[in-house]
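One structure is given below, encoded as structure tokens.
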Amino acid sequence: MPELAEVEYYRKVWDGGLRRTITRVALHGEKRLFRGADVARLAEQMPGAKLLGSEARAKQMLFRFSLDLWLGVHLGMTGKLRVEPPDFVPSRHDHLVLFQKRHALVFSDPRMFGRVLFHEGRAAPAWWTALPLAVTAPEFTPDLVQAFLARRARLAVKAALLVQSAFPGVGNWMADEILWRAKIAPAALCGTLTKARAATLWREAREVCAVSLATVAVDFSDPPDDWFYHQRWTATGRCPRDGGPLRTATIGGRTTRWCPRCQR
Ligand SMILES: [Zn+2]
């Protein structure tokens, strides 16, 4: 499942087609990832429009075109964006291709948990403007985090970090990274966290999101060497702080790894 930084990485892939006009569209309009989108209008209106810019928020991307056209892309589990030559021939997993004179902008998604949305209008669509506040936004304050934890007092903090309306874009490995840095046990209930620990959680959530965007989102390079990230994937993983073995459990439905010595 792509997380914040991976989504930002893929968003920028289509920058290769910026300020260029769409000449032709190929799509698999009958597939479920176009549910709710007017695919006939998309195919009819898009040729002649120029790609003007794009933005990523959490796991959602918005592409802005001239002629008041907007395209939303959600990568789902296996979605990817790429750029191919203009004579590209789509395969069965390439569900949307925007052809330009020099490029083909491709959205592929083998498992089809992704989503393509289409909007016509002067203003950005409601499904975009209604998205929750980014963890890295200035308005995302320690008070907001504390209020959320108080509302979810009986929820494990690991599960709370995966609530997309509160921590948009934070996925499984990022949640483990945040908790390891904050020295909080993943199974700790939100209601038991003091104000000081909630503030630490807020600070580490912002740091992990910001650094992920600055590393993973640039060229898909891994986060810094001293991150927990590098240890969490293998059975032999060790805590970067104390070198001790990690523990594994399923919390909030997701595989969770943590250090039982420094996370309490
Ligand atoms: Zn440790």
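All residue names refer to the structure tokens as shown: chains lettered A, B, ... in order, residues numbered from 1 in each chain, ligands numbered from 1 in order.
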Show me, as a tab-separated table, the residues of chain A having an atom within 9 Å of ligand 1, each with the closest atom pair and its distance in Å, using only C-alpha atoms and all ligand atoms.
```
residue	atom	partner	partner_atom_place_in_ligand_line	distance
A:Trp180	CA	ligand 1	1 (Zn)	7.9
A:Lys183	CA	ligand 1	1 (Zn)	8.3
A:Arg238	CA	ligand 1	1 (Zn)	8.0
A:Cys239	CA	ligand 1	1 (Zn)	4.6
A:Pro240	CA	ligand 1	1 (Zn)	6.7
A:Arg241	CA	ligand 1	1 (Zn)	5.1
A:Asp242	CA	ligand 1	1 (Zn)	4.8
A:Gly243	CA	ligand 1	1 (Zn)	6.8
A:Gly244	CA	ligand 1	1 (Zn)	6.3
A:Pro245	CA	ligand 1	1 (Zn)	8.1
A:Leu246	CA	ligand 1	1 (Zn)	7.8
A:Trp258	CA	ligand 1	1 (Zn)	7.9
A:Cys259	CA	ligand 1	1 (Zn)	4.6
A:Pro260	CA	ligand 1	1 (Zn)	6.7
A:Arg261	CA	ligand 1	1 (Zn)	5.0
A:Cys262	CA	ligand 1	1 (Zn)	4.2
A:Gln263	CA	ligand 1	1 (Zn)	6.8
```
For the residues in the current selection, export N, CA and C atoms as a CSV table (one decimal), in the first residue's frame.
```csv
chain,number,residue,atom,x,y,z
A,180,TRP,N,8.3,4.1,17.4
A,180,TRP,CA,9.7,3.8,17.8
A,180,TRP,C,10.4,5.0,18.2
A,183,LYS,N,9.0,6.4,21.4
A,183,LYS,CA,9.2,5.4,22.5
A,183,LYS,C,7.9,5.1,23.2
A,238,ARG,N,17.0,-5.6,14.5
A,238,ARG,CA,17.4,-5.2,15.9
A,238,ARG,C,17.0,-3.8,16.1
A,239,CYS,N,16.8,-3.4,17.4
A,239,CYS,CA,16.5,-2.0,17.7
A,239,CYS,C,17.7,-1.2,17.4
A,240,PRO,N,17.6,-0.1,16.6
A,240,PRO,CA,18.8,0.7,16.3
A,240,PRO,C,19.3,1.4,17.6
A,241,ARG,N,18.5,1.5,18.6
A,241,ARG,CA,19.0,2.2,19.9
A,241,ARG,C,19.8,1.3,20.8
A,242,ASP,N,19.2,0.1,21.0
A,242,ASP,CA,19.9,-0.8,22.0
A,242,ASP,C,20.4,-2.1,21.4
A,243,GLY,N,20.1,-2.4,20.2
A,243,GLY,CA,20.6,-3.6,19.5
A,243,GLY,C,19.8,-4.9,19.9
A,244,GLY,N,18.8,-4.7,20.7
A,244,GLY,CA,18.1,-5.9,21.1
A,244,GLY,C,17.0,-6.4,20.1
A,245,PRO,N,16.5,-7.6,20.3
A,245,PRO,CA,15.5,-8.1,19.3
A,245,PRO,C,14.2,-7.4,19.3
A,246,LEU,N,13.5,-7.4,18.2
A,246,LEU,CA,12.3,-6.7,18.1
A,246,LEU,C,11.1,-7.7,18.3
A,258,TRP,N,8.1,-3.7,17.0
A,258,TRP,CA,8.5,-2.6,18.0
A,258,TRP,C,9.6,-3.2,18.9
A,259,CYS,N,10.2,-2.3,19.7
A,259,CYS,CA,11.2,-2.7,20.6
A,259,CYS,C,10.6,-2.7,22.0
A,260,PRO,N,10.5,-3.9,22.7
A,260,PRO,CA,9.9,-3.9,24.0
A,260,PRO,C,10.7,-3.2,25.1
A,261,ARG,N,12.0,-3.0,24.8
A,261,ARG,CA,12.8,-2.3,25.8
A,261,ARG,C,12.6,-0.8,25.8
A,262,CYS,N,12.6,-0.2,24.7
A,262,CYS,CA,12.5,1.3,24.7
A,262,CYS,C,11.1,1.8,24.4
A,263,GLN,N,10.2,1.0,24.0
A,263,GLN,CA,8.8,1.4,23.7
A,263,GLN,C,7.9,0.9,24.9
```
Report as a tab-separated table: every residue of stretch 82-172 of chain A with an atom at most 12 Å from stretch 55-62 of chain A, its closest pair of atoms, and their distance in Å to one decimal, counting only C-alpha atoms, with rows sorted by chain and ascending residue number.
```
residue	atom	partner	partner_atom	distance
A:Gly114	CA	A:Gln60	CA	9.9
A:Arg115	CA	A:Gln60	CA	9.2
A:Val116	CA	A:Met61	CA	9.7
A:Leu117	CA	A:Leu62	CA	9.0
A:Phe118	CA	A:Leu62	CA	9.7
A:His119	CA	A:Leu62	CA	10.2
A:Ala124	CA	A:Leu62	CA	8.8
A:Pro125	CA	A:Leu62	CA	9.4
A:Ala126	CA	A:Leu62	CA	11.6
A:Trp127	CA	A:Gln60	CA	9.8
A:Trp128	CA	A:Leu62	CA	7.5
A:Thr129	CA	A:Arg57	CA	10.0
A:Ala130	CA	A:Arg57	CA	10.8
A:Leu131	CA	A:Arg57	CA	7.6
A:Pro132	CA	A:Ala58	CA	8.5
A:Leu133	CA	A:Arg57	CA	8.7
A:Ala134	CA	A:Arg57	CA	6.9
A:Val135	CA	A:Ala58	CA	8.8
A:Thr136	CA	A:Ala58	CA	10.3
A:Ala137	CA	A:Arg57	CA	10.6
A:Leu162	CA	A:Ala58	CA	11.8
A:Val163	CA	A:Ala58	CA	11.7
A:Gln164	CA	A:Ala58	CA	8.3
A:Ser165	CA	A:Ala58	CA	9.8
A:Ala166	CA	A:Ala58	CA	10.7
A:Phe167	CA	A:Ala58	CA	8.5
A:Pro168	CA	A:Ala58	CA	4.9
A:Gly169	CA	A:Ala58	CA	3.9
A:Val170	CA	A:Ala58	CA	7.6
A:Gly171	CA	A:Lys59	CA	9.6
```
Selection to disk with C-alpha atoms, as an mmCIF file, in the first residue's frame:
```cif
data_model
loop_
_atom_site.group_PDB
_atom_site.id
_atom_site.type_symbol
_atom_site.label_atom_id
_atom_site.label_comp_id
_atom_site.auth_asym_id
_atom_site.auth_seq_id
_atom_site.Cartn_x
_atom_site.Cartn_y
_atom_site.Cartn_z
ATOM 1 C CA GLY A 114 -7.006 2.290 -7.139
ATOM 2 C CA ARG A 115 -9.383 4.962 -8.335
ATOM 3 C CA VAL A 116 -9.613 7.517 -11.132
ATOM 4 C CA LEU A 117 -11.882 10.526 -10.651
ATOM 5 C CA PHE A 118 -12.814 13.135 -13.239
ATOM 6 C CA HIS A 119 -14.145 16.629 -12.602
ATOM 7 C CA ALA A 124 -11.100 22.103 -7.453
ATOM 8 C CA PRO A 125 -13.547 19.252 -6.834
ATOM 9 C CA ALA A 126 -15.168 18.705 -3.428
ATOM 10 C CA TRP A 127 -13.545 15.270 -3.063
ATOM 11 C CA TRP A 128 -10.242 17.120 -3.061
ATOM 12 C CA THR A 129 -10.991 20.169 -0.912
ATOM 13 C CA ALA A 130 -12.690 17.985 1.727
ATOM 14 C CA LEU A 131 -9.538 15.912 2.354
ATOM 15 C CA PRO A 132 -8.210 16.028 5.936
ATOM 16 C CA LEU A 133 -5.460 18.373 7.066
ATOM 17 C CA ALA A 134 -1.936 17.167 6.165
ATOM 18 C CA VAL A 135 0.277 16.056 9.064
ATOM 19 C CA THR A 136 2.911 18.505 7.792
ATOM 20 C CA ALA A 137 0.470 21.468 7.598
ATOM 21 C CA LEU A 162 -3.598 4.452 10.770
ATOM 22 C CA VAL A 163 -6.886 6.418 10.916
ATOM 23 C CA GLN A 164 -6.633 8.318 7.631
ATOM 24 C CA SER A 165 -8.939 11.166 8.667
ATOM 25 C CA ALA A 166 -6.535 12.021 11.513
ATOM 26 C CA PHE A 167 -3.098 11.096 10.115
ATOM 27 C CA PRO A 168 -3.617 11.171 6.330
ATOM 28 C CA GLY A 169 -0.977 9.299 4.348
ATOM 29 C CA VAL A 170 0.537 7.518 7.345
ATOM 30 C CA GLY A 171 0.710 3.810 6.559
#
```
For the structure I just gave you, how does DSSP split stretch 67-155 of chain A - specifically, which residues are strand (DSSP E)? Reply as number ranges by chain. A: 69-74, 80-84, 94-100, 104-108, 115-120
Can I get the selected residues back with C-alpha atoms, as a compact mmCIF listing (two decimals), in the first residue's frame?
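Below is the file that was written, result.txt:
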```txt
# COMPACT_ATOMS: atom_id res chain seq x y z
CA LEU A 69 -10.58 19.74 -16.23
CA TRP A 70 -9.34 17.82 -13.18
CA LEU A 71 -8.22 14.26 -12.74
CA GLY A 72 -7.92 12.51 -9.38
CA VAL A 73 -5.78 9.40 -8.97
CA HIS A 74 -5.64 7.10 -5.96
CA LYS A 80 1.72 3.21 -10.43
CA LEU A 81 2.19 6.18 -12.71
CA ARG A 82 4.82 6.20 -15.41
CA VAL A 83 5.77 7.93 -18.64
CA GLU A 84 6.20 6.04 -21.91
CA ASP A 94 -2.65 0.11 -18.15
CA HIS A 95 -6.11 1.42 -17.36
CA LEU A 96 -5.63 5.06 -18.29
CA VAL A 97 -3.21 6.50 -20.84
CA LEU A 98 -3.06 10.20 -21.73
CA PHE A 99 -1.18 10.54 -24.99
CA GLN A 100 0.79 13.66 -25.80
CA ALA A 104 2.26 8.81 -22.96
CA LEU A 105 1.23 9.34 -19.31
CA VAL A 106 0.26 5.93 -17.98
CA PHE A 107 -1.68 4.80 -14.92
CA SER A 108 -1.40 1.04 -14.35
CA ARG A 115 -9.38 4.96 -8.34
CA VAL A 116 -9.61 7.52 -11.13
CA LEU A 117 -11.88 10.53 -10.65
CA PHE A 118 -12.81 13.13 -13.24
CA HIS A 119 -14.14 16.63 -12.60
CA GLU A 120 -15.15 19.55 -14.81
```
How many Å lie between atom CA of A:Asp87 and atom CA of A:Asp109, rounded to one decimal?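 So the two atoms, atom CA of A:Asp87 and atom CA of A:Asp109, lie 20.3 Å apart.
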Pick out each residue of stretch 33-139 of chain A that DSSP on the backbone tags as helix (DSSP H, G or I); I need them as a list in words.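 The helix (DSSP H, G or I) residues within stretch 33-139 of chain A come out as Leu33, Phe34, Val39, Ala40, Arg41, Leu42, Ala43, Glu44, Gln45, Ala126, Trp127, Trp128 and Thr129 of chain A.
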So which one's closest to A:Pro85, A:Arg64, A:His230, A:Arg151, A:Lys101? Using only C-alpha atoms, please. A:Lys101
Of the residues A:Arg254, A:Lys50, A:Arg264, A:His93, which is the one nearest to A:Arg20, using only C-alpha atoms?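 Of A:Arg254, A:Lys50, A:Arg264, A:His93, the one nearest A:Arg20, counting only C-alpha atoms, is A:Lys50.
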Spatial neighbours of stretch 173-175 of chain A, max dist 7 Å, only C-alpha atoms, sep filter under 3 positions, as an MDAnalysis selection string: chainID A and resid 158 161 170 178:179 208 229
Requested write-out: N, CA and C atoms of the selected residues, as a compact mmCIF listing (two decimals), in the first residue's frame:
```txt
# COMPACT_ATOMS: atom_id res chain seq x y z
N LYS A 158 -1.22 2.44 17.85
CA LYS A 158 -0.83 2.03 16.49
C LYS A 158 -2.02 2.12 15.54
N LEU A 161 -2.91 5.73 14.69
CA LEU A 161 -2.04 6.38 13.69
C LEU A 161 -2.45 6.01 12.25
N VAL A 170 -0.31 8.36 6.50
CA VAL A 170 0.54 7.52 7.34
C VAL A 170 0.09 6.06 7.18
N ILE A 178 7.15 6.09 13.67
CA ILE A 178 6.74 7.17 14.57
C ILE A 178 6.73 6.68 16.02
N LEU A 179 6.17 5.49 16.26
CA LEU A 179 6.07 4.97 17.63
C LEU A 179 7.43 4.61 18.20
N VAL A 208 8.60 12.30 10.75
CA VAL A 208 8.63 11.13 9.86
C VAL A 208 7.99 11.48 8.51
N TYR A 229 13.00 1.89 10.21
CA TYR A 229 12.59 1.36 8.89
C TYR A 229 13.46 0.21 8.41
```
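The list of residues with at least one atom within 6 Å of A:Ala217, based on only C-alpha atoms and without residues fewer than 2 positions apart in the same chain, reads A:Ala5, A:Glu6, A:Glu8, A:Tyr9, A:Leu213, A:Thr215, A:Asp219, A:Phe220.
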For each of A:Ile22, A:Leu149, A:Ala196, A:Leu27, take the minimum atom-to-atom distance to A:Ser66, counting only C-alpha atoms, then give the residue where this is smallest.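 Answer, going by the shortest atom-to-atom distance: A:Ile22.
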For atom CA of A:Glu3 and atom CA of A:Pro110, determine how far apart the two atoms are, in Å to one decimal place.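 Separating atom CA of A:Glu3 from atom CA of A:Pro110 is a distance of 17.8 Å.
With atom CA of A:Gly79 on one side and atom CA of A:Val13 on the other, the separation reads 12.9 Å.
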